[in-house]
Amino acid sequence: MKKLWIPLTYVVFLVLLIAPLIKIFTGAWANGWGGFIEAVARPQSLHALWMTFLITIIVTVINTLFGVMLALYLVRADWLGRRMKQLLNSVVDLPFAVSPVIGGLMIVLLLGPNTVLGAFFEDAGFKVVYAMPGMIIATLFVTFPLMVREVMPVLQEIGAQQEEAASTLGAYSWYTFWHVTWPSIRWGVIYGIVLTVARCMGEFGAVLVVSGNIINKTQTATTLVYQDVENFNVIAANSLALILAAVSVGLLLLMEWAKKRKEVH
Amino acid sequence: MQIEVRNLNKSFGDFHAVRNVSFNVEKGHLIGLLGPSGGGKTSILRMLAGLESPSSGDIVFEGKRVNELPPQERGIGFVFQNYALFKHMTVFDNVAFGLKVKKQAKERIRARVMELIELTGLKGFEHRYPHQLSGGQRQRVAFARALAPEPQLLLLDEPFAAIDAKIRQELRSWLKDMIERLGITSIFVTHDQDEAIEVADEIMIISKGRLEQKGTPWDIYKNPQTQFVASFIGESTIVEDVSKLKGFANATSWPDTKALIRPEYIEVGRLSEFRIPSATERGRVKHIHFRGSEWLVEVEVGSNLLITYRSLEKDILHPGEEVSVLVHRAYLFNESDSWIMENALKEDPMPIHI
Ligand SMILES: Nc1ncnc2c1ncn2[C@@H]1O[C@H](COP(=O)(O)OP(=O)(O)OP(=O)(O)O)[C@@H](O)[C@H]1O
Ligand SMILES: [Mg+2]
């Protein structure tokens with residue numbers, strides 16, 4: 001059996017992971033270096049990459065702050081009450097359970113131009129859906145569990161005693177967080193950041209629904225790849241995909257490193 | 001620091017963990033909290049520290065009610081059962097933590113930390129991390145860290161629980177010396193009655209959330225006020241009907257009364273070893289066990305099985321042997337009352353005055 005399984009594993013690995021990567025690579029290079037540059041230098045490509053970059057930065061910052069905060073509350077805050085904690089705890093996992101497309105749709109239904117809230121914001125000169133804010137909200141929705149789920153177990157494992165010790169030594173919560181809690185959770189947070197960034201760059205469904213995929217306006221790298229494929233612009237699609245894949249591989253390596261550090265400390 | 005606790009209660013949900021506990025602690029005293037697991041010792045300590053808020057009752061330090069004061073403001077040092085050292089900080093930084101929080105000058109912090117490191121015998125280990133230390137060394141770091149900000153009250157939750165017997169012995173006398181030298185009021189929790197008896201000025205026995213008794217170790221040993229305390233402190237055998245034992249016939253006047261007899265209240269041996277043979281009765285040795293420094297003897301007297309100790313210097317007894325047994329005193333108790341009864345026949349019937 002073993003003799004059969006090992007080659008099979010390799011085959012699956014090759015077909016599922018390596019072959020597409022090679023295909024992307026050769027596809028991007030079909031017209032040589034020039035073709036790649038040309039595809040990436042199109043205004044819509046640059047704009048889409050810029051959008052992806054912006055969304056990634058903003059969402060990662062927000063998700064990191066709130067994720068760590070919520071993890072702290074869920075694990076440490078006694079005043080929250082058990083029921084409330086259980087409720088919040090299951091709500092955190094909602095984005096895992098719901099398809100991103102549905103998530104995006106919920107945002108459109110809630111904040112779209114024809115809704116009360118959407119109209120209110122639009123009147124205030126703030127377009128949510130089919131604009132940057134909606135895309136950020138959609139990406140936040142999709143990435144939200146990543147940080148919380150990464151940090152919570154670490155907090156649970158280290159326990160509250162070091163923090164209690166700090167409080168009896170005169171340290172208030174801010175000081176305790178930076179000097180006692182943070183050094184213990186930072187590798188978990190970094191791991192969470194890597195996951196968030198990867199997810200932000202790769203998110204497609206929710207963003208597609210919320211953005212409307214308007215070229216040079218609300219198009220991200222992934223939705224542009226989708227459009228290029230639709231238009232049989234294979235070289236362009238492969239070139240953008242290659243960039244995304246390269247960043248992802250870089251992130252993966254970073255993640256491995258972070259994981260090792262997390263285990264050590 | 002002088003401490004007063006009045007009618008302290010703590011409930012976790014509908015579980016009443018601490019019930020109406022009141023006590024005073026004088027400045028500079030070392031108090032041992034002793035009692036079975038789950039009795040509420042840690043809960044009391046945590047409320048004193050401000051890590052848990054009481055459901056009702058008052059905690060008063062130096063005449064000032066501190067219930068609302070956060071742990072940061074109480075001037076206490078807390079040594080956790082598993083030390084809770086900051087694991088990513090060196091020994092030096094651990095000890096310095098409480099001083100850095102107070103933003104003291106660098107040189108002063110350094111001087112104070114080095115002084116404590118010296119005092120706790122950790123010299124040479126300043127740059128190690130907690131995971132590079134032995135259990136005993138960690139314990140000392142936890143102790144030094146708690147002492148650094150010069151607390152007025154030191155709370156120790158089973159400080160020696162994770163340390164092996166020999167080091168434990170050393171550490172506890174070291175701790176007692178240190179606390180005496182510094183004159184800090186201290187309260188420590190322990191499971192180990194020898195530890196409490198050896199170290200504490202006063203012991204508080206806690207069981208099922210109640211304070212059963214507070215007093216000096218000798219006082220508690222000699223005059224246990226409840227049956228629980230009597231059976232918890234020291235060793236003992238419970239005798240259902242003590243009036244059957246010679247010298248305790250009077251006990252029939254109190255029906256429904258049981259007796260608790262400690263090994264050290266009982267003597268066994270050959271009849272010739274006793275000064276007043278008339279007070280003794282016959283028994284049969286059931287088992288003997290070697291206990292390092294003496295024999296533990298199980299002896300059957302009528303239907304009762306008593307345990308006692310016998311010096312290694314005396315003749316060795318053998319299982320099955322007929323022996324004489326003298327019960328000096330018994331601790332009698334019933335539903336409402338408890339008292340000590342001496343052997344009525346022990347008074348020499350024909351005293352010889354010289
Ligand atoms: N946070 C909590 N939530 C619910 N119950 C608790 C909590 N803390 C303690 N208890 C309960 O209160 C009781 C007293 O606990 P406590 O830790 O004070 O006991 P203890 O005397 O220190 O025991 P041990 O000697 O085993 O440490 C226990 O029955 C425990 O289950
Ligand atoms: Mg305890």
# chains A, B, ... in the order shown; residues from 1 in each chain; ligands from 1
>>> residues_near_ligand(ligand="ligand 2", cutoff="9 Å", atoms="only C-alpha atoms and all ligand atoms", output="number ranges by chain")
B: 37-43, 45, 81, 157-158, 189-191
>>> residues_near_ligand(ligand="ligand 1", cutoff="12 Å", atoms="only C-alpha atoms and all ligand atoms", output="VMD selection string")
(chain A and resid 76 78 82 160) or (chain B and resid 9 to 19 33 to 47 51 to 53 80 to 82 156 to 159 161 188 to 192 204 to 211)
>>> write_last_selection(atoms="C-alpha atoms", output="CSV table (one decimal), in the first residue's frame")
chain,number,residue,atom,x,y,z
A,76,ARG,CA,-9.9,37.6,29.3
A,78,ASP,CA,-14.9,38.4,32.8
A,82,ARG,CA,-20.5,33.5,29.4
A,160,ALA,CA,-4.0,35.1,32.9
B,9,ASN,CA,-18.2,36.0,51.0
B,10,LYS,CA,-17.5,34.9,47.4
B,11,SER,CA,-19.9,33.2,45.1
B,12,PHE,CA,-19.0,31.9,41.6
B,13,GLY,CA,-22.4,31.6,40.0
B,14,ASP,CA,-24.5,29.7,42.5
B,15,PHE,CA,-21.5,28.1,44.1
B,16,HIS,CA,-20.7,29.6,47.5
B,17,ALA,CA,-16.9,29.3,47.6
B,18,VAL,CA,-16.1,31.5,50.7
B,19,ARG,CA,-18.6,31.9,53.5
B,33,LEU,CA,-3.9,29.1,55.5
B,34,LEU,CA,-4.4,25.4,55.8
B,35,GLY,CA,-7.2,23.2,54.6
B,36,PRO,CA,-8.4,20.6,52.1
B,37,SER,CA,-8.4,21.1,48.4
B,38,GLY,CA,-11.2,23.3,47.1
B,39,GLY,CA,-11.8,24.9,50.5
B,40,GLY,CA,-11.4,28.4,49.3
B,41,LYS,CA,-7.9,29.3,50.3
B,42,THR,CA,-6.8,30.7,46.9
B,43,SER,CA,-10.1,32.6,46.6
B,44,ILE,CA,-9.5,34.3,49.9
B,45,LEU,CA,-5.9,35.2,48.9
B,46,ARG,CA,-7.1,36.5,45.5
B,47,MET,CA,-9.7,38.7,47.2
B,51,LEU,CA,-7.6,39.9,41.7
B,52,GLU,CA,-11.1,38.8,42.6
B,53,SER,CA,-13.8,41.0,44.0
B,80,PHE,CA,1.6,32.4,42.5
B,81,GLN,CA,1.5,28.7,42.9
B,82,ASN,CA,3.2,28.1,39.6
B,156,LEU,CA,2.0,33.3,48.8
B,157,ASP,CA,-0.2,30.6,47.2
B,158,GLU,CA,1.3,27.2,47.9
B,159,PRO,CA,4.8,28.6,47.3
B,161,ALA,CA,4.0,22.9,46.1
B,188,PHE,CA,0.7,31.7,52.8
B,189,VAL,CA,-1.5,28.9,51.6
B,190,THR,CA,-0.4,25.3,52.1
B,191,HIS,CA,-1.7,21.8,51.9
B,192,ASP,CA,1.0,20.6,54.2
B,204,MET,CA,-6.1,29.5,59.9
B,205,ILE,CA,-7.9,26.3,59.0
B,206,ILE,CA,-10.3,26.7,56.0
B,207,SER,CA,-12.8,24.1,55.0
B,208,LYS,CA,-15.7,24.3,52.6
B,209,GLY,CA,-15.4,28.1,52.5
B,210,ARG,CA,-15.5,28.5,56.2
B,211,LEU,CA,-12.8,29.6,58.7
>>> closest_atom_pairs(of="chain A", to="chain B", cutoff="7 Å", atoms="only C-alpha atoms", output="JSON lines")
{"residue": "A:Gln161", "atom": "CA", "partner": "B:Ala84", "partner_atom": "CA", "distance": 5.7}
{"residue": "A:Gln162", "atom": "CA", "partner": "B:Ala84", "partner_atom": "CA", "distance": 5.0}
{"residue": "A:Ala165", "atom": "CA", "partner": "B:Ala84", "partner_atom": "CA", "distance": 6.8}
{"residue": "A:Ser167", "atom": "CA", "partner": "B:Gln72", "partner_atom": "CA", "distance": 5.3}
{"residue": "A:Thr168", "atom": "CA", "partner": "B:Pro71", "partner_atom": "CA", "distance": 5.2}
{"residue": "A:Leu169", "atom": "CA", "partner": "B:Gly98", "partner_atom": "CA", "distance": 4.8}
{"residue": "A:Gly170", "atom": "CA", "partner": "B:Gln72", "partner_atom": "CA", "distance": 4.0}
{"residue": "A:Ala171", "atom": "CA", "partner": "B:Val101", "partner_atom": "CA", "distance": 5.9}
{"residue": "A:Val180", "atom": "CA", "partner": "B:Phe86", "partner_atom": "CA", "distance": 6.8}
>>> closest_residue(among="A:Arg186, A:Ala28, A:Glu256, A:Gln86", to="Val234 (chain A)", atoms="only C-alpha atoms")
A:Ala28
>>> select_by_dssp(residues="region 53-206 of chain B", states="alpha helix (DSSP H)", output="PDB file with C-alpha atoms, in the first residue's frame")
ATOM      1  CA  VAL B  91      15.693  36.924  35.947  1.00  0.00           C
ATOM      2  CA  PHE B  92      16.924  40.498  36.219  1.00  0.00           C
ATOM      3  CA  ASP B  93      14.008  41.914  34.228  1.00  0.00           C
ATOM      4  CA  ASN B  94      11.519  39.816  36.138  1.00  0.00           C
ATOM      5  CA  VAL B  95      12.719  41.190  39.447  1.00  0.00           C
ATOM      6  CA  ALA B  96      12.982  44.713  38.040  1.00  0.00           C
ATOM      7  CA  PHE B  97       9.433  44.734  36.622  1.00  0.00           C
ATOM      8  CA  GLY B  98       7.701  46.261  39.635  1.00  0.00           C
ATOM      9  CA  LEU B  99      10.360  48.970  39.878  1.00  0.00           C
ATOM     10  CA  LYS B 100      10.301  49.839  36.178  1.00  0.00           C
ATOM     11  CA  VAL B 101       6.541  50.245  36.368  1.00  0.00           C
ATOM     12  CA  LYS B 106      17.950  53.107  36.357  1.00  0.00           C
ATOM     13  CA  GLU B 107      20.766  52.987  38.898  1.00  0.00           C
ATOM     14  CA  ARG B 108      18.339  52.634  41.765  1.00  0.00           C
ATOM     15  CA  ILE B 109      16.537  49.791  40.031  1.00  0.00           C
ATOM     16  CA  ARG B 110      19.814  48.085  39.347  1.00  0.00           C
ATOM     17  CA  ALA B 111      20.971  48.428  42.930  1.00  0.00           C
ATOM     18  CA  ARG B 112      17.704  47.142  44.357  1.00  0.00           C
ATOM     19  CA  VAL B 113      17.488  44.212  41.942  1.00  0.00           C
ATOM     20  CA  MET B 114      21.064  43.158  42.619  1.00  0.00           C
ATOM     21  CA  GLU B 115      20.430  43.412  46.337  1.00  0.00           C
ATOM     22  CA  LEU B 116      17.424  41.088  46.029  1.00  0.00           C
ATOM     23  CA  ILE B 117      19.223  38.716  43.710  1.00  0.00           C
ATOM     24  CA  GLU B 118      21.964  38.469  46.266  1.00  0.00           C
ATOM     25  CA  LEU B 119      19.492  38.040  49.098  1.00  0.00           C
ATOM     26  CA  GLY B 135      11.972  24.815  40.334  1.00  0.00           C
ATOM     27  CA  GLY B 136      13.620  26.106  43.492  1.00  0.00           C
ATOM     28  CA  GLN B 137      15.376  28.890  41.603  1.00  0.00           C
ATOM     29  CA  ARG B 138      12.128  29.940  39.932  1.00  0.00           C
ATOM     30  CA  GLN B 139      10.497  30.039  43.315  1.00  0.00           C
ATOM     31  CA  ARG B 140      13.190  32.413  44.510  1.00  0.00           C
ATOM     32  CA  VAL B 141      12.786  34.628  41.465  1.00  0.00           C
ATOM     33  CA  ALA B 142       9.041  34.800  42.095  1.00  0.00           C
ATOM     34  CA  PHE B 143       9.792  35.729  45.667  1.00  0.00           C
ATOM     35  CA  ALA B 144      12.366  38.375  44.744  1.00  0.00           C
ATOM     36  CA  ARG B 145      10.020  39.832  42.136  1.00  0.00           C
ATOM     37  CA  ALA B 146       7.199  40.130  44.662  1.00  0.00           C
ATOM     38  CA  LEU B 147       9.499  41.744  47.235  1.00  0.00           C
ATOM     39  CA  ALA B 165      10.741  17.548  49.888  1.00  0.00           C
ATOM     40  CA  LYS B 166      14.363  18.298  50.691  1.00  0.00           C
ATOM     41  CA  ILE B 167      14.668  21.653  48.928  1.00  0.00           C
ATOM     42  CA  ARG B 168      11.266  22.493  50.308  1.00  0.00           C
ATOM     43  CA  GLN B 169      12.547  22.152  53.839  1.00  0.00           C
ATOM     44  CA  GLU B 170      15.465  24.472  53.094  1.00  0.00           C
ATOM     45  CA  LEU B 171      13.336  27.001  51.277  1.00  0.00           C
ATOM     46  CA  ARG B 172      10.736  27.231  53.968  1.00  0.00           C
ATOM     47  CA  SER B 173      13.176  27.993  56.757  1.00  0.00           C
ATOM     48  CA  TRP B 174      14.878  30.431  54.429  1.00  0.00           C
ATOM     49  CA  LEU B 175      11.523  32.065  53.732  1.00  0.00           C
ATOM     50  CA  LYS B 176      10.663  32.311  57.397  1.00  0.00           C
ATOM     51  CA  ASP B 177      14.020  33.918  58.200  1.00  0.00           C
ATOM     52  CA  MET B 178      13.640  36.348  55.360  1.00  0.00           C
ATOM     53  CA  ILE B 179      10.125  37.391  56.279  1.00  0.00           C
ATOM     54  CA  GLU B 180      11.122  37.808  59.894  1.00  0.00           C
ATOM     55  CA  ARG B 181      14.101  39.906  58.923  1.00  0.00           C
ATOM     56  CA  LEU B 182      12.060  42.163  56.649  1.00  0.00           C
ATOM     57  CA  GLN B 193       0.288  20.807  57.867  1.00  0.00           C
ATOM     58  CA  ASP B 194       3.891  20.232  58.906  1.00  0.00           C
ATOM     59  CA  GLU B 195       4.808  23.231  56.828  1.00  0.00           C
ATOM     60  CA  ALA B 196       2.126  25.377  58.426  1.00  0.00           C
ATOM     61  CA  ILE B 197       3.001  24.236  61.932  1.00  0.00           C
ATOM     62  CA  GLU B 198       6.697  24.793  61.406  1.00  0.00           C
ATOM     63  CA  VAL B 199       6.593  28.158  59.712  1.00  0.00           C
TER      64      VAL B 199
END
>>> atom_distance(atom1="CA of Ile220 (chain B)", atom2="CA of Glu235 (chain B)")
13.3 Å
>>> select_by_dssp(residues="region 108-269 of chain B", states="strand (DSSP E or B)", output="PyMOL selection string")
chain B and resi 153-157+185-190+202-207+210-215+237-239+258-261+266-269
>>> residues_around(residues="Phe248 (chain B)", least_positions_apart="6", cutoff="7 Å", atoms="only C-alpha atoms", output="list in words")
Val242, Asn343 and Ala344 of chain B
>>> write_last_selection(atoms="C-alpha atoms", output="JSON list (two decimals), in the first residue's frame")
[["chain", "number", "residue", "atom", "x", "y", "z"],
["B", 242, "VAL", "CA", -15.07, 5.47, 74.11],
["B", 343, "ASN", "CA", -8.05, 9.11, 81.69],
["B", 344, "ALA", "CA", -9.83, 8.97, 85.08]]
>>> residues_around(residues="Gly192 (chain A)", least_positions_apart="3", cutoff="6 Å", atoms="only C-alpha atoms", output="number ranges by chain")
A: 146-147, 150, 189, 195
>>> write_last_selection(atoms="N, CA, C and O atoms", output="PDB file, in the first residue's frame")
ATOM      1  N   LEU A 146      -9.575  35.208  10.841  1.00  0.00           N
ATOM      2  CA  LEU A 146      -8.185  34.744  10.782  1.00  0.00           C
ATOM      3  C   LEU A 146      -7.364  35.193  11.984  1.00  0.00           C
ATOM      4  O   LEU A 146      -6.702  34.373  12.635  1.00  0.00           O
ATOM      5  N   MET A 147      -7.418  36.483  12.310  1.00  0.00           N
ATOM      6  CA  MET A 147      -6.603  36.981  13.422  1.00  0.00           C
ATOM      7  C   MET A 147      -7.126  36.460  14.758  1.00  0.00           C
ATOM      8  O   MET A 147      -6.371  35.982  15.595  1.00  0.00           O
ATOM      9  N   GLU A 150      -6.301  32.958  15.406  1.00  0.00           N
ATOM     10  CA  GLU A 150      -4.872  32.721  15.570  1.00  0.00           C
ATOM     11  C   GLU A 150      -4.411  33.131  16.973  1.00  0.00           C
ATOM     12  O   GLU A 150      -3.580  32.477  17.585  1.00  0.00           O
ATOM     13  N   VAL A 189       0.312  36.806  16.198  1.00  0.00           N
ATOM     14  CA  VAL A 189      -0.208  37.949  15.456  1.00  0.00           C
ATOM     15  C   VAL A 189       0.434  38.018  14.075  1.00  0.00           C
ATOM     16  O   VAL A 189      -0.251  38.246  13.069  1.00  0.00           O
ATOM     17  N   LEU A 195      -1.653  35.420   7.122  1.00  0.00           N
ATOM     18  CA  LEU A 195      -2.874  34.803   6.605  1.00  0.00           C
ATOM     19  C   LEU A 195      -3.829  35.857   6.058  1.00  0.00           C
ATOM     20  O   LEU A 195      -4.441  35.694   5.005  1.00  0.00           O
TER      21      LEU A 195
END
>>> residues_around(residues="Ala30 (chain A)", least_positions_apart="3", cutoff="12 Å", atoms="only C-alpha atoms", output="list in words")
Ile22, Lys23, Ile24, Phe25, Thr26, Gly27, Trp33, Gly34, Gly35, Phe36, Ile37, Ala39, Asn233, Val234, Ile235, Ala236, Ala237, Asn238 and Ser239 of chain A
>>> closest_residue(among="B:Arg291, B:His127, B:Lys246, B:Arg6", to="Asn20 (chain B)", atoms="only C-alpha atoms")
B:Arg6
